[in-house]
file input-v9.txt (compact mmCIF, C-alpha atoms)
# COMPACT_ATOMS: atom_id res chain seq x y z
CA MET C 1 29.60 -5.72 -8.99
CA ARG C 2 27.68 -2.82 -7.47
CA VAL C 3 24.55 -3.74 -9.44
CA PHE C 4 24.83 -7.36 -8.29
CA THR C 5 25.23 -6.32 -4.66
CA ARG C 6 22.35 -3.85 -4.90
CA SER C 7 20.13 -6.49 -6.52
CA GLY C 8 21.00 -9.00 -3.80
CA GLN C 9 20.18 -6.46 -1.11
CA GLY C 10 16.89 -5.74 -2.86
CA PHE C 11 15.99 -9.44 -2.95
CA VAL C 12 16.77 -9.88 0.75
CA ALA C 13 14.87 -6.71 1.71
CA GLY C 14 11.91 -7.69 -0.45
CA SER C 15 11.83 -11.21 1.01
CA LEU C 16 11.90 -9.97 4.60
CA ILE C 17 9.26 -7.29 4.00
CA GLY C 18 7.07 -9.70 2.01
CA THR C 19 7.27 -12.36 4.72
CA LEU C 20 6.36 -9.95 7.50
CA GLY C 21 3.57 -8.46 5.40
CA GLY C 22 2.27 -11.93 4.55
CA LEU C 23 2.14 -12.86 8.22
CA ILE C 24 -0.33 -10.06 8.91
CA GLY C 25 -2.10 -10.03 5.55
CA LEU C 26 -0.48 -6.93 4.03
CA GLY C 27 1.68 -6.43 0.94
CA GLY C 28 4.42 -4.58 2.81
CA ALA C 29 4.68 -1.58 0.46
CA GLU C 30 4.49 0.83 3.40
CA PHE C 31 7.72 -0.75 4.71
CA ARG C 32 9.42 -0.76 1.29
CA LEU C 33 9.19 3.02 0.93
CA PRO C 34 11.47 3.92 3.90
CA VAL C 35 13.89 1.20 2.74
CA LEU C 36 14.04 2.61 -0.80
CA VAL C 37 14.75 6.11 0.52
CA GLY C 38 16.88 5.29 3.57
CA VAL C 39 18.85 2.24 2.39
CA PHE C 40 18.98 2.55 -1.39
CA ARG C 41 19.17 6.38 -1.36
CA LEU C 42 16.50 7.04 -3.97
CA GLY C 43 14.85 10.42 -4.30
CA THR C 44 11.46 10.59 -2.61
CA LEU C 45 9.35 10.80 -5.78
CA GLU C 46 11.53 8.16 -7.47
CA ALA C 47 11.00 5.86 -4.47
CA VAL C 48 7.23 6.40 -4.61
CA ILE C 49 7.11 5.57 -8.34
CA LEU C 50 9.32 2.48 -7.94
CA ASN C 51 7.24 1.38 -4.95
CA LYS C 52 4.08 1.86 -7.00
CA ALA C 53 5.43 -0.31 -9.84
CA MET C 54 6.40 -3.09 -7.42
CA SER C 55 3.07 -2.86 -5.61
CA LEU C 56 1.23 -3.34 -8.91
CA VAL C 57 3.04 -6.63 -9.54
CA VAL C 58 2.64 -7.85 -5.95
CA VAL C 59 -1.09 -6.99 -5.82
CA ALA C 60 -1.74 -8.61 -9.21
CA SER C 61 0.00 -11.76 -7.91
CA ALA C 62 -2.00 -11.64 -4.68
CA LEU C 63 -5.23 -11.35 -6.66
CA LEU C 64 -4.31 -14.48 -8.61
CA PHE C 65 -3.33 -16.36 -5.44
CA ARG C 66 -6.63 -15.44 -3.76
CA SER C 67 -8.80 -16.22 -6.79
CA GLY C 68 -9.54 -19.70 -5.49
CA THR C 69 -10.27 -18.64 -1.90
CA THR C 70 -13.45 -16.64 -2.61
CA ALA C 71 -16.05 -17.77 -5.13
CA PRO C 72 -16.54 -15.38 -8.08
CA ASP C 73 -20.30 -15.24 -7.47
CA VAL C 74 -19.69 -14.06 -3.89
CA LEU C 75 -17.44 -11.27 -5.17
CA ALA C 76 -20.03 -10.39 -7.82
CA ASP C 77 -22.69 -10.06 -5.11
CA HIS C 78 -20.62 -7.27 -3.54
CA LEU C 79 -19.57 -5.49 -6.71
CA ASP C 80 -21.49 -2.44 -5.53
CA VAL C 81 -18.99 -2.08 -2.65
CA VAL C 82 -16.06 -2.18 -5.09
CA LEU C 83 -17.68 0.37 -7.43
CA ASN C 84 -18.58 2.67 -4.54
CA LEU C 85 -15.01 2.81 -3.25
CA LEU C 86 -13.51 2.95 -6.76
CA ALA C 87 -15.60 5.99 -7.63
CA GLY C 88 -13.68 7.89 -4.94
CA SER C 89 -10.29 6.16 -5.02
CA LEU C 90 -9.68 6.59 -8.78
CA PHE C 91 -10.22 10.34 -8.53
CA GLY C 92 -8.19 10.55 -5.31
CA ALA C 93 -5.24 8.70 -6.84
CA TRP C 94 -5.26 10.83 -10.00
CA TRP C 95 -5.50 14.08 -8.04
CA ALA C 96 -2.81 13.18 -5.49
CA ALA C 97 -0.31 11.85 -8.05
CA GLY C 98 -0.68 15.03 -10.10
CA HIS C 99 0.05 17.20 -7.07
CA ALA C 100 2.94 15.01 -5.90
CA MET C 101 4.81 15.80 -9.11
CA THR C 102 4.62 19.54 -8.45
CA LEU C 103 5.51 19.53 -4.74
CA SER C 104 8.98 20.39 -3.50
CA LYS C 105 10.93 17.49 -2.03
CA ARG C 106 10.70 19.03 1.44
CA TRP C 107 6.90 19.19 1.35
CA LEU C 108 6.61 15.74 -0.21
CA ASN C 109 8.77 14.33 2.59
CA ARG C 110 6.61 16.05 5.20
CA ILE C 111 3.37 14.73 3.71
CA ILE C 112 4.74 11.19 3.37
CA LEU C 113 6.02 11.31 6.95
CA VAL C 114 2.56 12.27 8.23
CA LEU C 115 0.87 9.55 6.14
CA LEU C 116 3.29 6.83 7.27
CA ILE C 117 2.83 7.86 10.90
CA GLY C 118 -0.92 7.66 10.32
CA LEU C 119 -0.60 4.14 8.87
CA ALA C 120 1.57 3.11 11.81
CA LEU C 121 -1.09 4.37 14.22
CA VAL C 122 -3.77 2.46 12.27
CA MET C 123 -1.69 -0.72 12.63
CA LEU C 124 -1.21 -0.11 16.35
CA SER C 125 -4.93 0.50 16.83
CA GLU C 126 -5.62 -2.76 14.99
CA ALA C 127 -3.18 -4.56 17.27
CA TRP C 128 -4.90 -3.18 20.36
CA GLY C 129 -8.51 -3.20 19.20
CA GLY C 130 -8.77 -5.45 16.16
CA VAL C 131 -11.22 -5.41 13.28
CA HIS C 132 -14.61 -7.05 13.79
CA GLU C 133 -15.20 -10.25 11.84
CA GLY C 134 -18.21 -8.77 10.12
CA SER C 135 -20.44 -6.46 12.10
CA THR C 136 -23.36 -4.11 11.79
CA PRO C 137 -22.43 -1.53 9.11
CA LEU C 138 -22.02 2.06 10.17
CA PHE C 139 -24.64 3.14 7.64
CA GLU C 140 -27.62 1.37 6.19
CA PRO C 141 -27.69 0.96 2.38
CA GLY C 142 -28.59 4.25 0.79
CA PRO C 143 -27.25 7.67 -0.25
CA LEU C 144 -25.46 8.31 3.07
CA ARG C 145 -23.41 5.11 2.83
CA TRP C 146 -22.64 5.81 -0.82
CA VAL C 147 -21.28 9.27 0.08
CA ALA C 148 -19.27 7.79 2.96
CA GLY C 149 -17.79 5.23 0.55
CA LEU C 150 -16.88 7.98 -1.91
CA VAL C 151 -15.12 10.01 0.78
CA ALA C 152 -13.30 6.95 2.17
CA GLY C 153 -12.28 5.88 -1.33
CA PHE C 154 -10.98 9.35 -2.19
CA GLY C 155 -8.80 9.45 0.94
CA ILE C 156 -7.48 5.93 0.39
CA GLY C 157 -6.73 6.70 -3.26
CA MET C 158 -4.69 9.73 -2.18
CA VAL C 159 -2.68 7.68 0.30
CA ALA C 160 -2.09 4.93 -2.27
CA ALA C 161 -0.80 7.43 -4.85
CA LEU C 162 1.42 9.38 -2.48
CA LEU C 163 3.04 6.33 -0.88
CA GLY C 164 2.95 3.90 -3.79
CA VAL C 165 1.02 1.38 -1.69
CA ALA C 166 -2.01 -0.80 -2.36
CA GLY C 167 -3.90 0.68 0.59
CA GLY C 168 -5.16 -2.63 1.98
CA GLU C 169 -4.41 -1.54 5.54
CA LEU C 170 -7.06 1.16 5.07
CA LEU C 171 -9.39 -0.52 2.60
CA ILE C 172 -10.01 -3.65 4.66
CA PRO C 173 -11.13 -1.79 7.83
CA ALA C 174 -13.19 0.58 5.68
CA ILE C 175 -15.02 -2.31 3.99
CA VAL C 176 -15.60 -4.12 7.28
CA LEU C 177 -16.86 -1.04 9.13
CA LEU C 178 -18.80 0.71 6.37
CA TYR C 179 -20.43 -2.37 4.86
CA GLY C 180 -20.34 -4.88 7.74
CA LEU C 181 -18.60 -7.60 5.70
CA ASP C 182 -16.40 -10.47 6.84
CA ILE C 183 -12.70 -9.57 7.01
CA LYS C 184 -11.63 -12.37 4.62
CA LEU C 185 -14.14 -11.24 2.01
CA ALA C 186 -13.00 -7.66 2.63
CA GLY C 187 -9.43 -8.73 1.81
CA SER C 188 -10.44 -10.01 -1.64
CA LEU C 189 -12.64 -6.99 -2.35
CA SER C 190 -9.82 -4.64 -1.31
CA LEU C 191 -7.57 -6.13 -4.00
CA MET C 192 -10.27 -5.46 -6.61
CA VAL C 193 -10.23 -1.80 -5.54
CA SER C 194 -6.45 -1.55 -5.15
CA LEU C 195 -5.41 -2.70 -8.62
CA PRO C 196 -7.40 -0.14 -10.70
CA THR C 197 -6.53 2.60 -8.19
CA MET C 198 -2.81 1.90 -8.47
CA LEU C 199 -3.03 1.73 -12.27
CA VAL C 200 -4.55 5.22 -12.36
CA GLY C 201 -1.85 6.65 -10.06
CA PHE C 202 0.86 4.87 -12.04
CA ALA C 203 -0.48 6.24 -15.33
CA ARG C 204 -0.43 9.76 -13.87
CA TYR C 205 3.21 9.38 -12.77
CA THR C 206 4.32 8.57 -16.35
CA ARG C 207 4.41 12.34 -16.91
CA ALA C 208 7.06 12.85 -14.20
CA ASP C 209 10.78 13.06 -14.99
CA ALA C 210 11.34 10.74 -12.03
CA PHE C 211 9.53 7.97 -13.98
CA ALA C 212 12.93 7.21 -15.57
CA VAL C 213 13.81 5.46 -12.29
CA LEU C 214 12.04 2.34 -13.59
CA HIS C 215 14.71 1.95 -16.27
CA LYS C 216 17.60 3.12 -14.10
CA GLU C 217 16.75 0.80 -11.21
CA ARG C 218 15.32 -2.12 -13.21
CA PRO C 219 17.58 -4.81 -11.64
CA LEU C 220 16.71 -3.59 -8.12
CA MET C 221 12.99 -3.57 -8.96
CA ILE C 222 13.02 -7.08 -10.48
CA TRP C 223 14.87 -8.67 -7.58
CA MET C 224 12.92 -6.80 -4.92
CA VAL C 225 9.61 -7.84 -6.53
CA ALA C 226 10.82 -11.45 -6.71
CA GLY C 227 11.74 -11.32 -3.04
CA SER C 228 8.43 -9.68 -2.13
CA ILE C 229 6.36 -12.36 -3.89
CA LEU C 230 8.44 -15.16 -2.39
CA GLY C 231 8.22 -13.56 1.05
CA ALA C 232 4.46 -13.03 0.78
CA ALA C 233 3.99 -16.71 -0.13
CA LEU C 234 6.22 -17.77 2.77
CA GLY C 235 4.41 -15.43 5.15
CA GLY C 236 1.09 -16.93 4.07
CA LEU C 237 2.38 -20.44 4.83
CA LEU C 238 3.60 -19.33 8.26
CA LEU C 239 0.32 -17.56 9.03
CA GLY C 240 -0.91 -18.53 12.47
CA LEU C 241 2.49 -19.47 13.90
CA ALA C 242 2.81 -16.10 15.59
CA PRO C 243 0.08 -13.96 17.22
CA THR C 244 -1.19 -11.56 14.54
CA LYS C 245 -1.95 -8.79 17.01
CA LEU C 246 1.56 -8.96 18.49
CA LEU C 247 3.14 -8.86 15.03
CA MET C 248 0.86 -6.00 13.98
CA GLY C 249 1.87 -4.01 17.04
CA MET C 250 5.59 -4.67 16.55
CA LEU C 251 5.46 -3.77 12.86
CA GLY C 252 3.45 -0.65 13.64
CA ILE C 253 6.25 0.49 15.94
CA VAL C 254 8.90 -0.42 13.34
CA LEU C 255 7.04 1.58 10.67
CA LEU C 256 6.65 4.54 13.01
CA VAL C 257 10.35 4.63 13.92
CA SER C 258 11.63 4.00 10.39
CA ALA C 259 9.32 6.64 8.89
CA ILE C 260 10.47 9.30 11.35
CA LYS C 261 14.16 8.42 10.95
CA THR C 262 13.97 8.27 7.16
CA PHE C 263 11.74 11.17 6.15
CA GLN C 264 12.49 13.59 8.94
CA HIS C 265 16.15 13.60 7.93
CA ALA C 266 15.78 12.98 4.17
CA HIS C 267 17.76 15.41 2.06
call {"tool": "encode", "arguments": {"input": "input-v9.txt", "output": "structure tokens"}}
result
Amino acid sequence: MRVFTRSGQGFVAGSLIGTLGGLIGLGGAEFRLPVLVGVFRLGTLEAVILNKAMSLVVVASALLFRSGTTAPDVLADHLDVVLNLLAGSLFGAWWAAGHAMTLSKRWLNRIILVLLIGLALVMLSEAWGGVHEGSTPLFEPGPLRWVAGLVAGFGIGMVAALLGVAGGELLIPAIVLLYGLDIKLAGSLSLMVSLPTMLVGFARYTRADAFAVLHKERPLMIWMVAGSILGAALGGLLLGLAPTKLLMGMLGIVLLVSAIKTFQHAH
């Protein structure tokens, strides 16, 4: 009975998070993490690993859903952007996941709290300022832009590994600002970076004892993933019915409050 109730709660939570994420073009993994720790009482590292596994499925689904929205030849024309960011993000994810397994729970909670607050502030800045629909890149093509892409990718890979997220909320602005690309194209390219990055972090976490959470919490994971995919599809259908900037601002505040309440008092 407890498993059934827990699975039902996971489906509802996944559906709500997926719908809200779909409305603003995000997967919602940053919102799942506080829920896994605060509502379902998982250990911090266990929650990160479970969140990572669910994010992999959701991102793979999103990549399939978006495959018809951007022509393959257009994506191929910008493969250099993907490779530039991947060169940093793969190393960042591997390095951060390895260190996360050795950190004490107190320090892991502190780091995750800071990162979630940072993501919330990014969302709030997007709500107030917005991302340009393609603009002049910060750097012209050349060694300087390549180094900037490496650094950005490394940082995003670290965040993705430590939170179990896809990192789209950071990748999309980075692609738009660094390379001057359209935000819709940036969304597709970000998925191409996210999936390999998450796979590397996930592979690293297989060495952790907490990896057993995938077997222990399998029903919760399955139902939460199902709810997340359903919610993301529903959110995509409802896209445009509510002002994106208003939703982004509200969700930024929700993430900020939930992160502080969850990880400041996590035991």
call {"tool": "closest_atom_pairs", "arguments": {"input": "input-v9.txt", "of": "region 73-131 of chain C", "to": "region 156-168 of chain C", "cutoff": "12 Å", "atoms": "all atoms listed in the file", "output": "CSV"}}
result
residue,atom,partner,partner_atom,distance
C:Leu85,CA,C:Ile156,CA,8.9
C:Leu86,CA,C:Gly157,CA,8.5
C:Ala87,CA,C:Gly157,CA,9.9
C:Gly88,CA,C:Gly157,CA,7.2
C:Ser89,CA,C:Gly157,CA,4.0
C:Leu90,CA,C:Gly157,CA,6.3
C:Phe91,CA,C:Gly157,CA,7.3
C:Gly92,CA,C:Gly157,CA,4.6
C:Ala93,CA,C:Gly157,CA,4.4
C:Trp94,CA,C:Ala161,CA,7.6
C:Trp95,CA,C:Met158,CA,7.3
C:Ala96,CA,C:Met158,CA,5.1
C:Ala97,CA,C:Ala161,CA,5.5
C:Gly98,CA,C:Ala161,CA,9.2
C:His99,CA,C:Leu162,CA,9.2
C:Ala100,CA,C:Leu162,CA,6.8
C:Met101,CA,C:Leu162,CA,9.8
C:Leu103,CA,C:Leu162,CA,11.2
C:Trp107,CA,C:Leu162,CA,11.9
C:Leu108,CA,C:Leu162,CA,8.5
C:Asn109,CA,C:Leu162,CA,10.2
C:Arg110,CA,C:Leu162,CA,11.4
C:Ile111,CA,C:Leu162,CA,8.4
C:Ile112,CA,C:Leu163,CA,6.7
C:Leu113,CA,C:Leu163,CA,9.7
C:Val114,CA,C:Val159,CA,10.6
C:Leu115,CA,C:Val159,CA,7.1
C:Leu116,CA,C:Leu163,CA,8.2
C:Ile117,CA,C:Leu163,CA,11.9
C:Gly118,CA,C:Val159,CA,10.2
C:Leu119,CA,C:Val159,CA,9.5
C:Val122,CA,C:Gly168,CA,11.6
C:Met123,CA,C:Gly168,CA,11.4
call {"tool": "atom_distance", "arguments": {"input": "input-v9.txt", "atom1": "CA of Ala203 (chain C)", "atom2": "CA of Val81 (chain C)"}}
result
23.9 Å
call {"tool": "closest_residue", "arguments": {"input": "input-v9.txt", "among": "C:Ala120, C:Leu64, C:Ile183, C:Val39", "to": "Ile260 (chain C)", "atoms": "all atoms listed in the file"}}
result
C:Ala120
call {"tool": "residues_around", "arguments": {"input": "input-v9.txt", "residues": "Val35 (chain C)", "least_positions_apart": "2", "cutoff": "10 Å", "atoms": "only C-alpha atoms", "output": "VMD selection string"}}
result
chain C and resid 10 13 to 14 17 29 to 33 37 to 42 47 258 to 259 262
call {"tool": "atom_distance", "arguments": {"input": "input-v9.txt", "atom1": "CA of Phe211 (chain C)", "atom2": "CA of Ser55 (chain C)"}}
result
15.1 Å
call {"tool": "atom_distance", "arguments": {"input": "input-v9.txt", "atom1": "CA of Leu177 (chain C)", "atom2": "CA of Leu138 (chain C)"}}
result
6.1 Å
call {"tool": "closest_residue", "arguments": {"input": "input-v9.txt", "among": "C:Trp223, C:Phe202, C:Phe139, C:Trp146", "to": "Gly180 (chain C)", "atoms": "only C-alpha atoms"}}
result
C:Phe139
call {"tool": "closest_residue", "arguments": {"input": "input-v9.txt", "among": "C:Leu45, C:Leu170, C:Met250, C:Leu220", "to": "Lys105 (chain C)", "atoms": "only C-alpha atoms"}}
result
C:Leu45
call {"tool": "axis_aligned_box", "arguments": {"input": "input-v9.txt", "around": "region 155-166 of chain C", "padding_each_side": "6 Å", "output": "AutoDock Vina command-line options"}}
result
--center_x -2.9 --center_y 4.5 --center_z -2.0 --size_x 23.8 --size_y 22.5 --size_z 17.8
call {"tool": "residues_around", "arguments": {"input": "input-v9.txt", "residues": "Leu36 (chain C)", "least_positions_apart": "6", "cutoff": "9 Å", "atoms": "only C-alpha atoms", "output": "PyMOL selection string"}}
result
chain C and resi 42-44+47-48+50-51
call {"tool": "closest_residue", "arguments": {"input": "input-v9.txt", "among": "C:Thr102, C:Ile229, C:Thr19, C:Leu255", "to": "Arg207 (chain C)", "atoms": "all atoms listed in the file"}}
result
C:Thr102
call {"tool": "closest_residue", "arguments": {"input": "input-v9.txt", "among": "C:Leu121, C:Leu214, C:Ala76, C:Ala148", "to": "Leu251 (chain C)", "atoms": "all atoms listed in the file"}}
result
C:Leu121
